[in-house]
Amino acid sequence: MTITEARVEILLGNGAIARGLIEAGCDVLCSYPGTPSSEIVPEAVRFKKAENLPIYIEWSANEKVAFDNAFAACLTGKRAAVCMKQVGLNVAADSLMSAAYQGVVGGLVVISCDDPGPHSSQTEQDTRLFAHFAKVPVFDPSTPEMARDMVIRAFEISEEFRTPFIIRPGIRVCHARQAIELREPKRLGRTANFIKDVERWAATPRYRYVLHKELNEKHARMALASAEPGEYNHHDATGNDYPLGIIAGGVPLANALDILDEFGIGDVPVCHVGAAFPFPLSLVEDFRKRCRNILVLEETDTVIELFLQNRENVRGRISGHVPSEGELVPEIIYNIMREALSATGVYQLPVLEGEKVAAAVADMNLPTRKPTLCPGCPHRASFYAIRKAFPKAIFTSDIGCYTLGMNLGAVDTVLDMGSGITMASGFFQAYNQDDQEKPIIGTMGDSTFYHSGLPSLLNAVYNDARFILVLLDNDITAMTGMQPTPGLGIRADGSMGKKIPLERAVEGCGIDWIKIHDPYDVENLIALVKEAYEHTKQPDGGVAVIISRHPCIIKYPPKREHRVEIDAEACNACGVCVKKFECPALVQTGKKEKVTIDRRICVDCGVCVVSCKEGAIKEAGSSD
């Protein structure tokens, strides 16, 4: 049975988005993985294989590369899409801004998944504001099914107005599940045909001015269309004197509707703003004038609220009634609505039972457990060796699992993708300006290096920076869902492409000192880090690169070759192994309690032996 014969499938929100791409006749899909967007590509691959579709799908080196590939495809008349997380849109920003001016031929849909919270991002930035900044229309889905339908509609509008189109599902849409009725995929059968138009596709600044004017005219027409009630912008107010009205979009809209429905509150009208830019100003203003008070519920920033012409009786972020940071989870929205409904005399919602439970749990003063690297993670061994070699060095790092190296005291800075190298280079130049010698050690994962490390390293070499770079090569993009890297050569659909070894890419940046080492061999890695530092100090030296290579133990389970045990007599309960090595499998229940091993999670990597100066941790059967 094919997927379409099944007709209905319970899909993850990202799966629903992928289904929308398939059903819209998307020909090309490009992406760089990043939570909460990572599942879109594998779901699209699944549909492609199940229904034998000719769609081209790729994991790109970074978000700008992904955007440019998709944009080129749309210029041939094909429908194309690019997906990423919200901070990934920053990487593609230059291309997006330019593409908005130039326009498109085939539809181009940009899926930027927002992360209010944030749960796994550097910022809580709101893609709706980015869309306004870039002058690109945007949809804000509230459910997985709506996201699927918006993808299809976005392609149609993109082609009608010849503009890129953004869809910004929040994390709760991306990771929700809903039963979706599947439709037949469109097979547009378009043949690539790029029609040259130098004044548009290679426009100089003079013609960019003309294109900007054209873009503004497009938005005027789109704004006129959005002023009328439609599928995604509408309200249900029929009267003219409501005590309270709610304006909402995205996931907060779904939560608000659930609360109103659960308690049977029928006299509070709701205005749905699902197409946030161009902003449906006349529709929203009509709604506002019908209500004595307005409550605005939106994530993650103020978009609806900012566009309101009169905020005199508006409750929202600007007035302080809605938190200005963090995710608007159902409990928070419930309490916001409870206060607003009570203050306007509409309804008295009861206190949540969950609040009582939360208060009781808080009173118990239970210990919290911070995030940590997995038992047996090779990054732990790398960070331990780095810190042991130069405990007073400056440690710059990057975005990935290995950010948790801060727990081992081996991460001092994390800015964004690629900053493990650029920050190291900047620190060197600052200290070198004052003739100060300072050990600087940057760390970066293999996927991040392919993403943005190459130009960063090239710049460091060109400007004669001197620092140690440890590339944490675990053979996978672990943090975002085990996607392959160019170093593996495996493509998005599982087929083989051209493998690009990490060491070859590093050497191409002008690096002369490259060593590859297994971090499980901690003692020799410590010596290698010291040797690398000596190279950075030589007159003819430069950046020294160590590729610390060991596969991710989640993707590639270890062989369990080094079972360890604790010598209870030798253990003095100092806790150094727990604090400094920080493997979750090493357990100390109290300050004076001896350390034990949690066999349920220990992977028998044997690396923790180096962490005990008393020799209490040893391989089983060892007498030393």
# chains A, B, ... in the order shown; residues from 1 in each chain; ligands from 1

$ residues_around --residues "Gly481 in chain A" --least-positions-apart "4" --cutoff "12 Å" --atoms "only C-alpha atoms" --output "short mmCIF file (atom, residue, chain, number, x, y, z; two decimals) with C-alpha atoms, in the first residue's frame"
data_model
loop_
_atom_site.label_atom_id
_atom_site.label_comp_id
_atom_site.auth_asym_id
_atom_site.auth_seq_id
_atom_site.Cartn_x
_atom_site.Cartn_y
_atom_site.Cartn_z
CA TYR A 32 20.96 22.73 6.41
CA PRO A 33 19.80 20.84 9.53
CA GLY A 34 18.89 22.76 12.65
CA THR A 35 16.30 22.13 15.35
CA PRO A 36 13.35 22.63 15.05
CA SER A 37 13.49 22.23 11.24
CA SER A 38 15.59 19.07 10.88
CA GLU A 39 12.84 16.53 10.18
CA ILE A 40 11.50 18.26 7.04
CA VAL A 41 14.14 16.84 4.68
CA PRO A 42 14.02 13.19 5.87
CA GLY A 400 26.81 21.91 18.70
CA CYS A 401 26.79 19.15 21.31
CA ILE A 476 28.01 12.95 11.95
CA THR A 477 25.89 16.04 12.63
CA THR A 485 28.39 15.65 6.65
CA CYS A 552 29.56 9.51 17.94
CA ILE A 554 24.88 7.34 19.74
CA LYS A 555 25.14 6.89 15.98
#

$ select_by_dssp --residues "range 158-247 of chain A" --states "alpha helix (DSSP H)" --output "MDAnalysis selection string"
chainID A and resid 158:161 171:174 198:201 205:226

$ write_last_selection --atoms "C-alpha atoms" --output "PDB file, in the first residue's frame"
ATOM      1  CA  SER A 158       4.960  33.300  -4.862  1.00  0.00           C
ATOM      2  CA  GLU A 159       4.360  32.649  -8.536  1.00  0.00           C
ATOM      3  CA  GLU A 160       1.441  35.097  -8.792  1.00  0.00           C
ATOM      4  CA  PHE A 161       3.497  38.014  -7.428  1.00  0.00           C
ATOM      5  CA  ILE A 171       8.638  24.724  17.440  1.00  0.00           C
ATOM      6  CA  ARG A 172       5.218  23.560  18.731  1.00  0.00           C
ATOM      7  CA  VAL A 173       3.924  23.346  15.167  1.00  0.00           C
ATOM      8  CA  CYS A 174       7.097  21.626  13.951  1.00  0.00           C
ATOM      9  CA  VAL A 198      20.849  40.775 -17.089  1.00  0.00           C
ATOM     10  CA  GLU A 199      19.121  43.894 -15.781  1.00  0.00           C
ATOM     11  CA  ARG A 200      17.173  41.715 -13.338  1.00  0.00           C
ATOM     12  CA  TRP A 201      19.294  38.685 -12.479  1.00  0.00           C
ATOM     13  CA  PRO A 205      22.854  49.242  -7.922  1.00  0.00           C
ATOM     14  CA  ARG A 206      21.172  51.573 -10.435  1.00  0.00           C
ATOM     15  CA  TYR A 207      18.727  48.875 -11.470  1.00  0.00           C
ATOM     16  CA  ARG A 208      18.330  47.643  -7.903  1.00  0.00           C
ATOM     17  CA  TYR A 209      16.582  50.961  -7.281  1.00  0.00           C
ATOM     18  CA  VAL A 210      14.115  50.121 -10.059  1.00  0.00           C
ATOM     19  CA  LEU A 211      13.635  46.606  -8.665  1.00  0.00           C
ATOM     20  CA  HIS A 212      13.001  48.038  -5.186  1.00  0.00           C
ATOM     21  CA  LYS A 213      10.238  50.224  -6.586  1.00  0.00           C
ATOM     22  CA  GLU A 214       8.777  47.176  -8.328  1.00  0.00           C
ATOM     23  CA  LEU A 215       8.907  45.232  -5.068  1.00  0.00           C
ATOM     24  CA  ASN A 216       7.051  47.982  -3.235  1.00  0.00           C
ATOM     25  CA  GLU A 217       4.338  47.932  -5.898  1.00  0.00           C
ATOM     26  CA  LYS A 218       3.987  44.156  -5.443  1.00  0.00           C
ATOM     27  CA  HIS A 219       3.498  44.633  -1.725  1.00  0.00           C
ATOM     28  CA  ALA A 220       0.892  47.307  -2.277  1.00  0.00           C
ATOM     29  CA  ARG A 221      -1.100  44.816  -4.355  1.00  0.00           C
ATOM     30  CA  MET A 222      -0.576  42.046  -1.790  1.00  0.00           C
ATOM     31  CA  ALA A 223      -1.588  44.362   1.061  1.00  0.00           C
ATOM     32  CA  LEU A 224      -4.790  45.220  -0.806  1.00  0.00           C
ATOM     33  CA  ALA A 225      -5.569  41.518  -1.155  1.00  0.00           C
ATOM     34  CA  SER A 226      -4.818  40.834   2.535  1.00  0.00           C
TER      35      SER A 226
END

$ residues_around --residues "Gly606 in chain A" --least-positions-apart "4" --cutoff "9 Å" --atoms "only C-alpha atoms" --output "ChimeraX atom specification"
/A:376,520,560-564,610,618-619

$ residues_around --residues "Leu281 in chain A" --least-positions-apart "4" --cutoff "12 Å" --atoms "only C-alpha atoms" --output "PyMOL selection string"
chain A and resi 223-229+233-234+271+273+275-277+285-288+303-310

$ residues_around --residues "range 129-135 of chain A" --least-positions-apart "4" --cutoff "10 Å" --atoms "only C-alpha atoms" --output "PyMOL selection string"
chain A and resi 86+89-90+93-94+96-101+125+139+163-168+212+215-216+218-219+276-279+300-303

$ write_last_selection --atoms "N, CA and C atoms" --output "compact mmCIF listing (two decimals), in the first residue's frame"
# COMPACT_ATOMS: atom_id res chain seq x y z
N GLN A 86 15.45 29.41 12.57
CA GLN A 86 15.35 30.86 12.45
C GLN A 86 16.72 31.55 12.41
N LEU A 89 18.38 31.59 9.05
CA LEU A 89 17.96 32.62 8.10
C LEU A 89 18.95 33.79 8.11
N ASN A 90 19.61 34.00 9.25
CA ASN A 90 20.65 35.04 9.29
C ASN A 90 21.77 34.74 8.30
N ALA A 93 20.60 35.55 4.88
CA ALA A 93 19.95 36.86 4.79
C ALA A 93 20.36 37.65 3.55
N ASP A 94 21.64 37.66 3.23
CA ASP A 94 22.11 38.45 2.10
C ASP A 94 21.41 38.00 0.82
N LEU A 96 18.55 36.27 0.59
CA LEU A 96 17.11 36.51 0.67
C LEU A 96 16.76 37.96 0.32
N MET A 97 17.51 38.90 0.90
CA MET A 97 17.23 40.31 0.65
C MET A 97 17.35 40.63 -0.85
N SER A 98 18.37 40.07 -1.47
CA SER A 98 18.60 40.33 -2.88
C SER A 98 17.53 39.66 -3.74
N ALA A 99 17.17 38.44 -3.37
CA ALA A 99 16.15 37.70 -4.13
C ALA A 99 14.80 38.39 -4.08
N ALA A 100 14.50 39.04 -2.95
CA ALA A 100 13.24 39.78 -2.84
C ALA A 100 13.17 40.88 -3.90
N TYR A 101 14.28 41.57 -4.13
CA TYR A 101 14.33 42.60 -5.16
C TYR A 101 14.21 42.00 -6.56
N GLN A 125 14.74 35.09 18.00
CA GLN A 125 14.32 36.02 16.97
C GLN A 125 13.05 35.56 16.26
N PHE A 139 3.68 33.60 6.17
CA PHE A 139 2.57 32.89 6.80
C PHE A 139 3.00 32.40 8.18
N THR A 163 7.54 36.60 -6.12
CA THR A 163 8.30 36.96 -4.92
C THR A 163 8.60 35.72 -4.10
N PRO A 164 9.74 35.68 -3.40
CA PRO A 164 9.93 34.61 -2.41
C PRO A 164 8.83 34.70 -1.35
N PHE A 165 8.55 33.59 -0.69
CA PHE A 165 7.51 33.57 0.34
C PHE A 165 8.03 32.79 1.54
N ILE A 166 7.83 33.35 2.75
CA ILE A 166 8.33 32.71 3.97
C ILE A 166 7.18 32.06 4.73
N ILE A 167 7.45 30.88 5.28
CA ILE A 167 6.55 30.26 6.25
C ILE A 167 7.35 30.06 7.52
N ARG A 168 6.78 30.50 8.67
CA ARG A 168 7.55 30.44 9.92
C ARG A 168 6.83 29.61 11.00
N HIS A 212 13.58 47.73 -6.49
CA HIS A 212 13.00 48.04 -5.19
C HIS A 212 11.62 48.69 -5.36
N LEU A 215 9.25 46.04 -6.24
CA LEU A 215 8.91 45.23 -5.07
C LEU A 215 7.86 45.94 -4.21
N ASN A 216 8.02 47.23 -4.02
CA ASN A 216 7.05 47.98 -3.23
C ASN A 216 5.67 47.96 -3.88
N LYS A 218 4.51 45.50 -5.71
CA LYS A 218 3.99 44.16 -5.44
C LYS A 218 3.33 44.10 -4.07
N HIS A 219 4.02 44.68 -3.09
CA HIS A 219 3.50 44.63 -1.73
C HIS A 219 2.23 45.46 -1.57
N ALA A 276 1.06 37.45 8.38
CA ALA A 276 1.46 38.61 9.19
C ALA A 276 2.11 39.74 8.39
N PHE A 277 2.59 39.43 7.19
CA PHE A 277 3.15 40.48 6.33
C PHE A 277 2.92 40.11 4.87
N PRO A 278 2.37 41.01 4.02
CA PRO A 278 1.92 42.36 4.38
C PRO A 278 0.82 42.30 5.45
N PHE A 279 0.87 43.24 6.40
CA PHE A 279 -0.04 43.20 7.53
C PHE A 279 -1.46 43.61 7.13
N THR A 300 7.44 35.42 18.49
CA THR A 300 8.14 35.55 19.75
C THR A 300 8.28 37.01 20.12
N ASP A 301 7.98 37.88 19.18
CA ASP A 301 8.18 39.30 19.39
C ASP A 301 6.86 40.04 19.17
N THR A 302 6.94 41.35 19.11
CA THR A 302 5.76 42.17 18.85
C THR A 302 5.69 42.52 17.38
N VAL A 303 4.78 41.91 16.66
CA VAL A 303 4.54 42.22 15.25
C VAL A 303 3.12 42.77 15.11

$ residues_around --residues "His550 in chain A" --least-positions-apart "6" --cutoff "9 Å" --atoms "only C-alpha atoms" --output "PDB file with N, CA and C atoms, in the first residue's frame"
ATOM      1  N   CYS A 377      30.975   9.919  25.349  1.00  0.00           N
ATOM      2  CA  CYS A 377      31.119  10.891  24.243  1.00  0.00           C
ATOM      3  C   CYS A 377      32.595  11.227  24.036  1.00  0.00           C
ATOM      4  N   PRO A 378      33.079  11.112  22.799  1.00  0.00           N
ATOM      5  CA  PRO A 378      34.508  11.415  22.560  1.00  0.00           C
ATOM      6  C   PRO A 378      34.861  12.879  22.839  1.00  0.00           C
ATOM      7  N   HIS A 379      33.870  13.768  22.765  1.00  0.00           N
ATOM      8  CA  HIS A 379      34.148  15.179  23.039  1.00  0.00           C
ATOM      9  C   HIS A 379      34.591  15.380  24.488  1.00  0.00           C
ATOM     10  N   LEU A 472      36.506  18.593  16.431  1.00  0.00           N
ATOM     11  CA  LEU A 472      35.892  17.442  17.095  1.00  0.00           C
ATOM     12  C   LEU A 472      35.097  16.645  16.058  1.00  0.00           C
ATOM     13  N   ASP A 473      35.768  15.704  15.446  1.00  0.00           N
ATOM     14  CA  ASP A 473      35.198  14.960  14.318  1.00  0.00           C
ATOM     15  C   ASP A 473      34.553  13.668  14.813  1.00  0.00           C
ATOM     16  N   ASN A 474      33.210  13.700  14.956  1.00  0.00           N
ATOM     17  CA  ASN A 474      32.504  12.486  15.394  1.00  0.00           C
ATOM     18  C   ASN A 474      31.740  11.822  14.258  1.00  0.00           C
ATOM     19  N   ASP A 475      32.043  12.226  13.031  1.00  0.00           N
ATOM     20  CA  ASP A 475      31.554  11.530  11.834  1.00  0.00           C
ATOM     21  C   ASP A 475      30.056  11.711  11.586  1.00  0.00           C
ATOM     22  N   HIS A 517      44.034  12.366  15.682  1.00  0.00           N
ATOM     23  CA  HIS A 517      44.236  11.589  16.902  1.00  0.00           C
ATOM     24  C   HIS A 517      42.898  11.128  17.459  1.00  0.00           C
ATOM     25  N   ASP A 518      42.902   9.938  18.067  1.00  0.00           N
ATOM     26  CA  ASP A 518      41.708   9.411  18.729  1.00  0.00           C
ATOM     27  C   ASP A 518      41.662   9.968  20.151  1.00  0.00           C
ATOM     28  N   PRO A 519      40.618  10.723  20.503  1.00  0.00           N
ATOM     29  CA  PRO A 519      40.579  11.351  21.834  1.00  0.00           C
ATOM     30  C   PRO A 519      40.504  10.360  22.980  1.00  0.00           C
ATOM     31  N   TYR A 520      40.097   9.115  22.704  1.00  0.00           N
ATOM     32  CA  TYR A 520      40.071   8.113  23.772  1.00  0.00           C
ATOM     33  C   TYR A 520      41.475   7.863  24.321  1.00  0.00           C
TER      34      TYR A 520
END

$ closest_residue --among "A:Ala61, A:Gly15, A:Arg315, A:Leu244" --to "Gly453 in chain A" --atoms "only C-alpha atoms"
A:Ala61

$ residues_around --residues "range 251-254 of chain A" --least-positions-apart "6" --cutoff "6 Å" --atoms "only C-alpha atoms" --output "PDB file with N, CA and C atoms, in the first residue's frame"
ATOM      1  N   SER A 142      -0.716  27.730  12.685  1.00  0.00           N
ATOM      2  CA  SER A 142      -1.094  27.398  14.060  1.00  0.00           C
ATOM      3  C   SER A 142      -1.116  25.897  14.321  1.00  0.00           C
ATOM      4  N   LEU A 297      -1.937  37.986  21.532  1.00  0.00           N
ATOM      5  CA  LEU A 297      -1.132  36.807  21.858  1.00  0.00           C
ATOM      6  C   LEU A 297      -0.332  36.416  20.626  1.00  0.00           C
ATOM      7  N   GLU A 298       0.984  36.524  20.719  1.00  0.00           N
ATOM      8  CA  GLU A 298       1.842  36.195  19.584  1.00  0.00           C
ATOM      9  C   GLU A 298       3.229  35.815  20.084  1.00  0.00           C
TER      10      GLU A 298
END
